Every structure is written in structure tokens, then in C-alpha cells.
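The structure appears below as C-alpha cells.
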Amino acid sequence: MRLKLVGMVACAVVVLACGDGTSDGLVGRVTQEGQPVQGALVYLTEAPSASTETDADGRFKLSAPSGRHEITARYQAEDGALNEQRFMAEVDVTAELRLPRPTRLQEPVVVDAGTVRLSWNPYPGADFREYKLYRAKSAALDETTGTLVYVGMVPGDAEFVDEDVRPGDVYFYRLFVMNDFGRLAGSNIKRLSMPNVNLVQGGDFEEFAVGSAPTGFTLGADQQWVVSDERAHSGTRAVRGTGGFSYLFQGLRQHIPGKLLVQGARYRLSFYYQRESFERPDPSDPDYSRGNSISLRLDVPEMAWGEAYHTLLGEGVDTTWQLMTRTFIVDKSGDASVIVWIDRERNGPSPDWVVWIDDVKFERVLE
């Protein structure tokens, strides 16, 4: 004899007559993928306080008046994977409650600085309605504490790409499976620690061909920046810049998508430079450093916000690599630009400076 399932749940209830004339109430056994489940909570759906847990053999016993009853079996594994199913069972008839294979999230795969791919094993039941994937900043994660980031209506579509993550942040994910009556299952919880990567792409200049301009950067219109293997702070290549009189914000500029930046967080912008030649723009000015500067700048142009840090340079040659670094707090939201620029406030012969740049970095400072 086989009982009809409520809500078309993808589980079987096998009933066997006890045949000894005694009344045992609601009795049965809970299994999952052919194995007995110890510690599953079994209760009368209409009276949750009338509950019990399965023993080492997956068996349970509930007191109930004669007749047929709806019972709920709920089991949560040590990794947080949860199954919750409803069944019909009859007093004095042993019920075999078979929970489906748990739905589990696989290890998140980091695609790039702001993207992660999540996947899970598809739910096998015919009572599937939708997936709901939640994300949070703590492991205390359920439908009420997490942010809903994905709803999937096809049981076989078991992958989602999250494009709203940021370098240096830690995230937690959990997937819930729903049917027409509510939650069927919940996955394990996966922790993701996004790598705190350099947000400047190609800032070491190793990926560019010798003799080429570094792509991905906006270059000063009155300057020339060429990748060379003649000098390098690290690796085998750096970029050599030449020019004369320049206006503010000339130099190397790179766009940083706002979705990668955490408002209120601290970031460090740095690079190494070497002065091959740096002449005074006004030879008659005794202050040799006046008008000669190399600078860092962080800009959020659409918010009319920016911060800069300047270092005045003397004339002549300096073949040692110098580190320039500055920490900024990103207190505005939006896309930003990081800029390394040569600023000459006075005109002079052109070209009147030659500077090497290497290892441009823009990284979040983690507390």
C-alpha cells in the first residue's frame, strides 16, 4: 500500500501494517539517499509541539489520535544543509519518510576583482517552485537576515554570477529551495573572502609589449609614455615618460569602477619612480624645485571630489627607485580615477623631463 503525498513532494512514504493488534501511534523511519537519518525532527504539522527526534536507526514514534495525519520531517546537517518535507502518515502503520538529496553550495569561484560564480546541485523534486539565494556579511544567514540576490525558476539552472562584490570584503551565501507551501530546503552556508587585489590593471607594465603605450590608461596629451625593458623596479619592464610643460592631471590615469570601491574605506595609492632627467622650468629661479612636482590623485569626477598628494622634485638625474605612497578615504560613491601625473607650473624647453614609473597600485587598506 502507498499513500498519496501532499503538495506533490518528491519523497515516498511506504506504509507497512504492523499486524500485531497493538497501537503504536505514528511510527516510522527517516532516510536520506538510502541512509538512516539520526536527529531529524518529526512533528505533527498542525501541532508542532507534538514532536520527537529520530534515533540512530532513523526511527521515530509520535503519540497521535487514530487516523491519518500530516507530519513534517526536518533535518539539518552539520554544514547547515536543511531539508523540510511534509508527508501523510497513518496511526499504527510504519511510515518510511525519504528525504531528497540535500542541496549544497559548491565553493565560490572568484572570476575577477568584482565578480564571483556560485553553483549548487539541482533540487530533484517535482514540487520545486524556485531557488532563492541570499548574501550577508555574517554567518547568521537566513531569509530575514540576508539580502536576496537571485531568484531562479528553473530547477536545472544551478548557477549564479554575483557582480556586486568588492575586493577585501567577506561574504556569506545560502540557497533556499521553495515549493508552493514555503521552504523545502536550505543549503549549507559558504564563506567567501574576496582577494584584496590591486585595482590598477597592468600597473606593473609586464603585460605590455616593449615600445608600446600602456593600454587601459589615459595618457597625457602633451606627453609620451612608452613601455621599456631598459629599467624596472620589479619584473622586467617599466614605463618611460617624457614631456615638457603640462597641465594639472596630465600623466597616467586609470578608471576604477565604483562598484569595486567601498564608501568610507581606506585605500592606498602608490608607485615607484626614477628621475632620468628633470630640468628647472626657469633656470634663473634659485628655487630649483619650484614648479617641478610629481603627484598622486584620487578623483571621483562626477561627484566633484578628489584628493591629491604632491612631492616636489629637484633637477638632474636620480637613478634610484623612489616610492611614493598616499592613503585616501573614499568618502563618496561613484566611479573614480587614480592618477600619477607630472605637473609643471612653468614653461621651459621641451622635453624638459624624463621619468620612469613602475608598480602602480591602488589597494584597499584592511583594518
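Residue numbers start at 1 in each chain; chains themselves are named A, B, ... in the order of the C-alpha cells; ligands are numbered from 1 in the order shown.
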
Fill in: Selection near Gln32 (chain A), 12 Å with only C-alpha atoms, sequence-local residues under 2 positions removed, as a ChimeraX atom specification
/A:11-12,29-30,34-38,40,57-58,73-77,82-85,96-102

Mind dumping the selected residues with C-alpha atoms as a PDB file, in the first residue's frame?
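Okay, part12.pdb is ready:
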ATOM      1  CA  CYS A  11       9.513  11.890  -1.388  1.00  0.00           C
ATOM      2  CA  ALA A  12       7.943   8.500  -0.890  1.00  0.00           C
ATOM      3  CA  ARG A  29      11.776   5.813   9.768  1.00  0.00           C
ATOM      4  CA  VAL A  30      13.528   8.755   8.103  1.00  0.00           C
ATOM      5  CA  GLY A  34      19.217   5.306   1.388  1.00  0.00           C
ATOM      6  CA  GLN A  35      20.832   6.020   4.776  1.00  0.00           C
ATOM      7  CA  PRO A  36      19.052   6.394   8.130  1.00  0.00           C
ATOM      8  CA  VAL A  37      18.940   9.944   9.441  1.00  0.00           C
ATOM      9  CA  GLN A  38      19.665  10.446  13.140  1.00  0.00           C
ATOM     10  CA  ALA A  40      15.734  14.527  12.325  1.00  0.00           C
ATOM     11  CA  ASP A  57      18.406   3.971  13.025  1.00  0.00           C
ATOM     12  CA  GLY A  58      16.342   6.920  11.827  1.00  0.00           C
ATOM     13  CA  ALA A  73      10.231  15.829   8.865  1.00  0.00           C
ATOM     14  CA  ARG A  74      13.013  18.382   9.239  1.00  0.00           C
ATOM     15  CA  TYR A  75      16.738  17.625   9.199  1.00  0.00           C
ATOM     16  CA  GLN A  76      19.711  19.978   9.225  1.00  0.00           C
ATOM     17  CA  ALA A  77      23.180  18.550   8.605  1.00  0.00           C
ATOM     18  CA  LEU A  82      18.457  21.695   5.539  1.00  0.00           C
ATOM     19  CA  ASN A  83      15.544  19.588   4.259  1.00  0.00           C
ATOM     20  CA  GLU A  84      11.975  20.070   5.431  1.00  0.00           C
ATOM     21  CA  GLN A  85       9.194  17.916   3.932  1.00  0.00           C
ATOM     22  CA  GLU A  96       9.184   5.340   5.586  1.00  0.00           C
ATOM     23  CA  LEU A  97       9.953   9.044   5.113  1.00  0.00           C
ATOM     24  CA  ARG A  98      12.548   9.562   2.391  1.00  0.00           C
ATOM     25  CA  LEU A  99      14.170  12.982   2.287  1.00  0.00           C
ATOM     26  CA  PRO A 100      15.666  14.048  -1.038  1.00  0.00           C
ATOM     27  CA  ARG A 101      19.348  14.666  -1.630  1.00  0.00           C
ATOM     28  CA  PRO A 102      20.360  17.895   0.150  1.00  0.00           C
TER      29      PRO A 102
END

Using 10 Å as the limit and counting only C-alpha atoms, can you tabulate each residue of region 9-116 of chain A that touches region 172-180 of chain A, with its shortest atom-to-atom distance in Å and the two atoms involved, as a tab-separated table?
residue	atom	partner	partner_atom	distance
A:Val9	CA	A:Asn179	CA	8.6
A:Gly80	CA	A:Arg174	CA	9.2
A:Ala81	CA	A:Arg174	CA	9.1
A:Leu82	CA	A:Phe176	CA	8.8
A:Asn83	CA	A:Val177	CA	9.1
A:Glu84	CA	A:Val177	CA	10.0
A:Thr103	CA	A:Leu175	CA	8.1
A:Arg104	CA	A:Leu175	CA	7.9
A:Leu105	CA	A:Leu175	CA	7.3
A:Pro108	CA	A:Tyr173	CA	9.2

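Note that CA of Ser333 (chain A) and CA of Gly264 (chain A) are 8.9 Å apart.
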
List the spatial neighbours of region 230-233 of chain A as a PDB file with all heavy atoms, in the first residue's frame - criterion: any atom at most 8 Å away, only C-alpha atoms, same-chain residues fewer than 5 positions off excluded.
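Generated file (around12.pdb):
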ATOM      1  N   ALA A 238      59.110  48.646 -17.226  1.00  0.00           N
ATOM      2  CA  ALA A 238      58.533  49.825 -16.600  1.00  0.00           C
ATOM      3  C   ALA A 238      58.059  50.731 -17.729  1.00  0.00           C
ATOM      4  O   ALA A 238      58.213  50.406 -18.915  1.00  0.00           O
ATOM      5  CB  ALA A 238      59.560  50.525 -15.713  1.00  0.00           C
ATOM      6  N   TYR A 272      56.394  53.487  -7.822  1.00  0.00           N
ATOM      7  CA  TYR A 272      57.830  53.776  -7.756  1.00  0.00           C
ATOM      8  C   TYR A 272      58.198  54.641  -8.957  1.00  0.00           C
ATOM      9  O   TYR A 272      57.661  54.456 -10.063  1.00  0.00           O
ATOM     10  CB  TYR A 272      58.646  52.487  -7.777  1.00  0.00           C
ATOM     11  CG  TYR A 272      58.606  51.740  -6.464  1.00  0.00           C
ATOM     12  CD1 TYR A 272      57.589  50.847  -6.178  1.00  0.00           C
ATOM     13  CD2 TYR A 272      59.601  51.953  -5.505  1.00  0.00           C
ATOM     14  CE1 TYR A 272      57.553  50.166  -4.971  1.00  0.00           C
ATOM     15  CE2 TYR A 272      59.580  51.271  -4.299  1.00  0.00           C
ATOM     16  CZ  TYR A 272      58.549  50.372  -4.037  1.00  0.00           C
ATOM     17  OH  TYR A 272      58.522  49.704  -2.839  1.00  0.00           O
ATOM     18  N   TRP A 321      65.285  54.017  -7.377  1.00  0.00           N
ATOM     19  CA  TRP A 321      63.825  53.974  -7.397  1.00  0.00           C
ATOM     20  C   TRP A 321      63.286  54.536  -6.085  1.00  0.00           C
ATOM     21  O   TRP A 321      63.703  54.121  -5.004  1.00  0.00           O
ATOM     22  CB  TRP A 321      63.321  52.547  -7.591  1.00  0.00           C
ATOM     23  CG  TRP A 321      63.509  52.029  -8.981  1.00  0.00           C
ATOM     24  CD1 TRP A 321      64.495  51.206  -9.434  1.00  0.00           C
ATOM     25  CD2 TRP A 321      62.672  52.308 -10.106  1.00  0.00           C
ATOM     26  NE1 TRP A 321      64.338  50.953 -10.771  1.00  0.00           N
ATOM     27  CE2 TRP A 321      63.216  51.611 -11.214  1.00  0.00           C
ATOM     28  CE3 TRP A 321      61.518  53.069 -10.303  1.00  0.00           C
ATOM     29  CZ2 TRP A 321      62.652  51.658 -12.486  1.00  0.00           C
ATOM     30  CZ3 TRP A 321      60.953  53.114 -11.568  1.00  0.00           C
ATOM     31  CH2 TRP A 321      61.515  52.418 -12.647  1.00  0.00           C
ATOM     32  N   ASP A 358      56.889  52.633 -12.272  1.00  0.00           N
ATOM     33  CA  ASP A 358      56.664  51.185 -12.206  1.00  0.00           C
ATOM     34  C   ASP A 358      55.805  50.859 -10.983  1.00  0.00           C
ATOM     35  O   ASP A 358      55.754  51.629 -10.015  1.00  0.00           O
ATOM     36  CB  ASP A 358      57.992  50.433 -12.129  1.00  0.00           C
ATOM     37  CG  ASP A 358      57.867  48.965 -12.556  1.00  0.00           C
ATOM     38  OD1 ASP A 358      56.768  48.562 -12.982  1.00  0.00           O
ATOM     39  OD2 ASP A 358      58.860  48.237 -12.462  1.00  0.00           O
ATOM     40  N   ASP A 359      55.141  49.711 -11.062  1.00  0.00           N
ATOM     41  CA  ASP A 359      54.376  49.139  -9.947  1.00  0.00           C
ATOM     42  C   ASP A 359      53.360  50.123  -9.366  1.00  0.00           C
ATOM     43  O   ASP A 359      53.367  50.437  -8.165  1.00  0.00           O
ATOM     44  CB  ASP A 359      55.318  48.647  -8.844  1.00  0.00           C
ATOM     45  CG  ASP A 359      56.168  47.473  -9.308  1.00  0.00           C
ATOM     46  OD1 ASP A 359      55.705  46.727 -10.182  1.00  0.00           O
ATOM     47  OD2 ASP A 359      57.295  47.313  -8.809  1.00  0.00           O
TER      48      ASP A 359
END

Hey, which bits of region 108-129 of chain A sit within 6 Å of region 137-159 of chain A, and for each residue what's the closest pair of atoms and how far apart in Å (one decimal), counting only C-alpha atoms, rows by chain and increasing number, as a tab-separated table?
residue	atom	partner	partner_atom	distance
A:Leu118	CA	A:Glu159	CA	5.6
A:Ser119	CA	A:Glu159	CA	4.2
A:Trp120	CA	A:Ala158	CA	5.5
A:Pro122	CA	A:Gly156	CA	5.6

Worksheet item: DSSP on the backbone: what in region 77-305 of chain A comes out strand (DSSP E), as a VMD selection string?
Response: chain A and resid 82 to 90 93 to 99 109 to 112 115 to 119 130 to 136 147 to 152 159 to 162 170 to 179 182 to 186 190 to 193 218 to 219 223 to 228 238 to 243 251 to 256 266 to 278 292 to 300 305

Fill in: Distance criterion (only C-alpha atoms): nearest to Glu206 (chain A) out of A:Glu130, A:Glu367, A:Glu70, A:Asp229
A:Asp229

So that I can check the surroundings of Asp335 (chain A), please list as an mmCIF file with C-alpha atoms, in the first residue's frame every protein, DNA and RNA residue that reaches within 8 Å of it, counting only C-alpha atoms and ignoring chain neighbours fewer than 2 positions away.
data_model
loop_
_atom_site.group_PDB
_atom_site.id
_atom_site.type_symbol
_atom_site.label_atom_id
_atom_site.label_comp_id
_atom_site.auth_asym_id
_atom_site.auth_seq_id
_atom_site.Cartn_x
_atom_site.Cartn_y
_atom_site.Cartn_z
ATOM 1 C CA HIS A 255 39.392 54.456 -14.411
ATOM 2 C CA ILE A 256 38.287 52.448 -11.344
ATOM 3 C CA PRO A 257 34.653 51.193 -11.411
ATOM 4 C CA GLY A 258 32.700 52.456 -8.438
ATOM 5 C CA LYS A 259 31.267 49.009 -7.783
ATOM 6 C CA VAL A 300 35.525 60.955 -8.328
ATOM 7 C CA PRO A 301 34.831 63.379 -11.170
ATOM 8 C CA GLU A 302 31.039 63.184 -11.261
ATOM 9 C CA SER A 333 30.299 56.829 -4.086
ATOM 10 C CA SER A 337 40.164 57.736 -11.359
#

Discussion item. Measuring between only C-alpha atoms, which one of A:Glu53, A:Gly251, A:Thr327, A:Val355 shows the shortest distance to Phe278 (chain A)?
Written reply: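 Between A:Glu53, A:Gly251, A:Thr327, A:Val355, the residue approaching Phe278 (chain A) most closely is A:Val355.
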
Worksheet item: Can you tell me, as a list in words, what residues are no more than 12 Å from Asp24 (chain A) when counting only C-alpha atoms, ignoring any on the same chain fewer than 6 positions away?
Response: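 Skipping anything fewer than 6 positions along the chain leaves Ala17, Cys18, Phe60, Lys61, Leu62, Ser63, Ala64, Pro65, Ser66, Glu90, Val91, Asp92, Val93, Thr94 and Ala95 of chain A.
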